[in-house]
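The next block holds one structure in the form of structure tokens; read it before the comments.
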Amino acid sequence: MPLQSSRSTGFGILRKGCSVPLREFSYTPDEYETEKASNSYLMSLVVIMVGLPLPIVNVIASAIFFLSNRKSARFVRWHCTQTLLAQGFTLPVNAAGLYWTLGIIFDRTAVSNNYIAYILTIILFNLVEFIATIYAAVQTRKGKHIVWWFFGPLTETLVKT
Amino acid sequence: MAKIILHFIVLAVLFFGTWLLLGSIDYLKYFRVEELTKEAEHNLQELILNELQKGGGELDSDTVYSFVNGIKKRLCTANGIEDSSITLHILVRNEVNAIALPDRHLIVYTGMIRYCKSPEELSGVIAHEIGHIEHGHIMKRLRKEVGLSMLAALAGGEANGEIARETARLLSSTAFDRKLESEADASAVHMMAKAGIDPEAFADVIFRLSQEKNDVPKHFEWINTHPNSHDRCAEILRLRREEAYINRPIADSAAWANYKKIVRGIPVSLK
């Protein structure tokens, strides 16, 4: 996911000298919280091998992690929600690719340029998400607040307190 | 909220834009997919035809060949199909059968010609097989039942004769699934109507075959491989009512009787 630019929206300021824009959270999360928040990203990575052929697995894993942490500190909930939303976005995209591929395997449809282009597109988007997830996992572990494009502001509206 | 919507729109544009951009590349041409598929289909067709010819060679009669080919041409021309793209073979075999092969080859057994009471009935059978060819059913079925890897081995000449025999047997003695058969039936009715041939003849031959197959099942391969004949006849007659056509006979009964005599090996003096 593209990382969001730096202008203020109540989250704080852009860290000076940082090549990727980061924002500060409303409070400084403790060690326990950063570990949990980082795990929410790692959770989606751990199941990626299973989740690629069956995209729903990623969402279920993220949802379980989200539910088990719904009473945690805000920093943890915030990042669990961002992960879940990102997984929710990639689910229909990947599921469509899976459905299309199964259609080809079972001969309901033929391989076309459109199909190959779609598969390349979802590989590209999944790759970007994969890299962004690793980056977010590392940064949140350090206590840094990573706000993704689209999912960040959306998470902000959902996780108020 | 406006910002979230804007972000979403940008993300969607980015996704569909990437797809559109990547979609402008002709991957199939680049990887020679179509060329390789055609080559493989051609090899498969030769292999299967060779196997079938072992059970009976091609009929040595230009008269009958021209007549049956004329039926095929009439059906193709009326339906915007390049006639020369479909190659007809008439094999001397007693079984009542007609088979569509890969690479747009069509086989009619002399047993089928002898069985049909009119050239219109034969045209129904041919139209049905052309329907399979036009819908690409043959390769679909082979991919499903023989498997891609086995097909690739067959097409590349790496598979042994036993597998080729099995594939030929599969095409000549087992059914397409019901959906594909219905598609081919619907195409046959439409093609016949457009060519000015009454599709009722097609329903007649199916009905008769289904009635008689229980007596001498061995020879009625074509109907054995095409299940639910009663339902099919009803559907063909229903589709026939939806078509508008002017019936133009293919040949008179005397000419048809002569063609059948030639097929039986009886000397005939044609006018």
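We label chains A, B, ... in the order they appear in the structure tokens, count residues from 1 in each chain, and number ligands from 1 in the order shown.
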
Using only C-alpha atoms, select each residue of chain B with any atom at most 12 Å away from an atom of chain A, and give the selection as an MDAnalysis selection string. chainID B and resid 1:12 14:31 33:34 37 135:145 147:148 179:180

Near-Val76 (chain A) list (8 Å; only C-alpha atoms; drop same-chain fewer than 4 positions) as a list in words: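 Here the qualifying residues turn out to be Glu33, Thr34, Lys36, Ala37, Asn69, Ser72 and Cys80 of chain A.
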
Expected file: the selected residues, N, CA and C atoms, as a short mmCIF file (atom, residue, chain, number, x, y, z; two decimals), in the first residue's frame:
data_model
loop_
_atom_site.label_atom_id
_atom_site.label_comp_id
_atom_site.auth_asym_id
_atom_site.auth_seq_id
_atom_site.Cartn_x
_atom_site.Cartn_y
_atom_site.Cartn_z
N GLU A 33 2.51 -2.93 23.63
CA GLU A 33 1.60 -2.50 22.56
C GLU A 33 2.26 -2.58 21.20
N THR A 34 3.51 -2.11 21.12
CA THR A 34 4.20 -2.14 19.81
C THR A 34 4.37 -3.58 19.33
N LYS A 36 2.37 -6.15 20.02
CA LYS A 36 1.06 -6.64 19.57
C LYS A 36 0.69 -6.05 18.21
N ALA A 37 0.92 -4.72 18.07
CA ALA A 37 0.58 -4.04 16.82
C ALA A 37 1.39 -4.62 15.67
N ASN A 69 -7.99 -8.81 20.05
CA ASN A 69 -7.35 -7.59 20.57
C ASN A 69 -8.29 -6.39 20.64
N SER A 72 -7.79 -4.26 23.58
CA SER A 72 -6.41 -3.83 23.84
C SER A 72 -6.31 -2.31 23.77
N CYS A 80 -4.43 -3.23 14.17
CA CYS A 80 -5.20 -4.45 13.82
C CYS A 80 -6.27 -4.10 12.80
#

Sel. of alpha helix (DSSP H) residues, region 27-161 of chain A, as a ChimeraX atom specification: /A:31-46,48-51,56-68,74-105,113-141,151-158

Which of these residues is nearest to Lys54 (chain B), using only C-alpha atoms: B:Ala203, B:Arg93, B:Ala257, B:Ser84?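 Closest residue, counting only C-alpha atoms: B:Arg93.
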
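Going from CA of Ile246 (chain B) over to CA of Asp185 (chain B), you cover 19.8 Å.
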
Could you tell me how far CA of Leu209 (chain B) sits from CA of Leu91 (chain B), in Å to one decimal place?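 Separating CA of Leu91 (chain B) from CA of Leu209 (chain B) is a distance of 19.8 Å.
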
Of the candidates A:Thr81, A:Thr133, A:Thr140, A:Asn126, which shows the shortest atom-to-atom distance to Asn94 (chain A), using only C-alpha atoms? A:Asn126
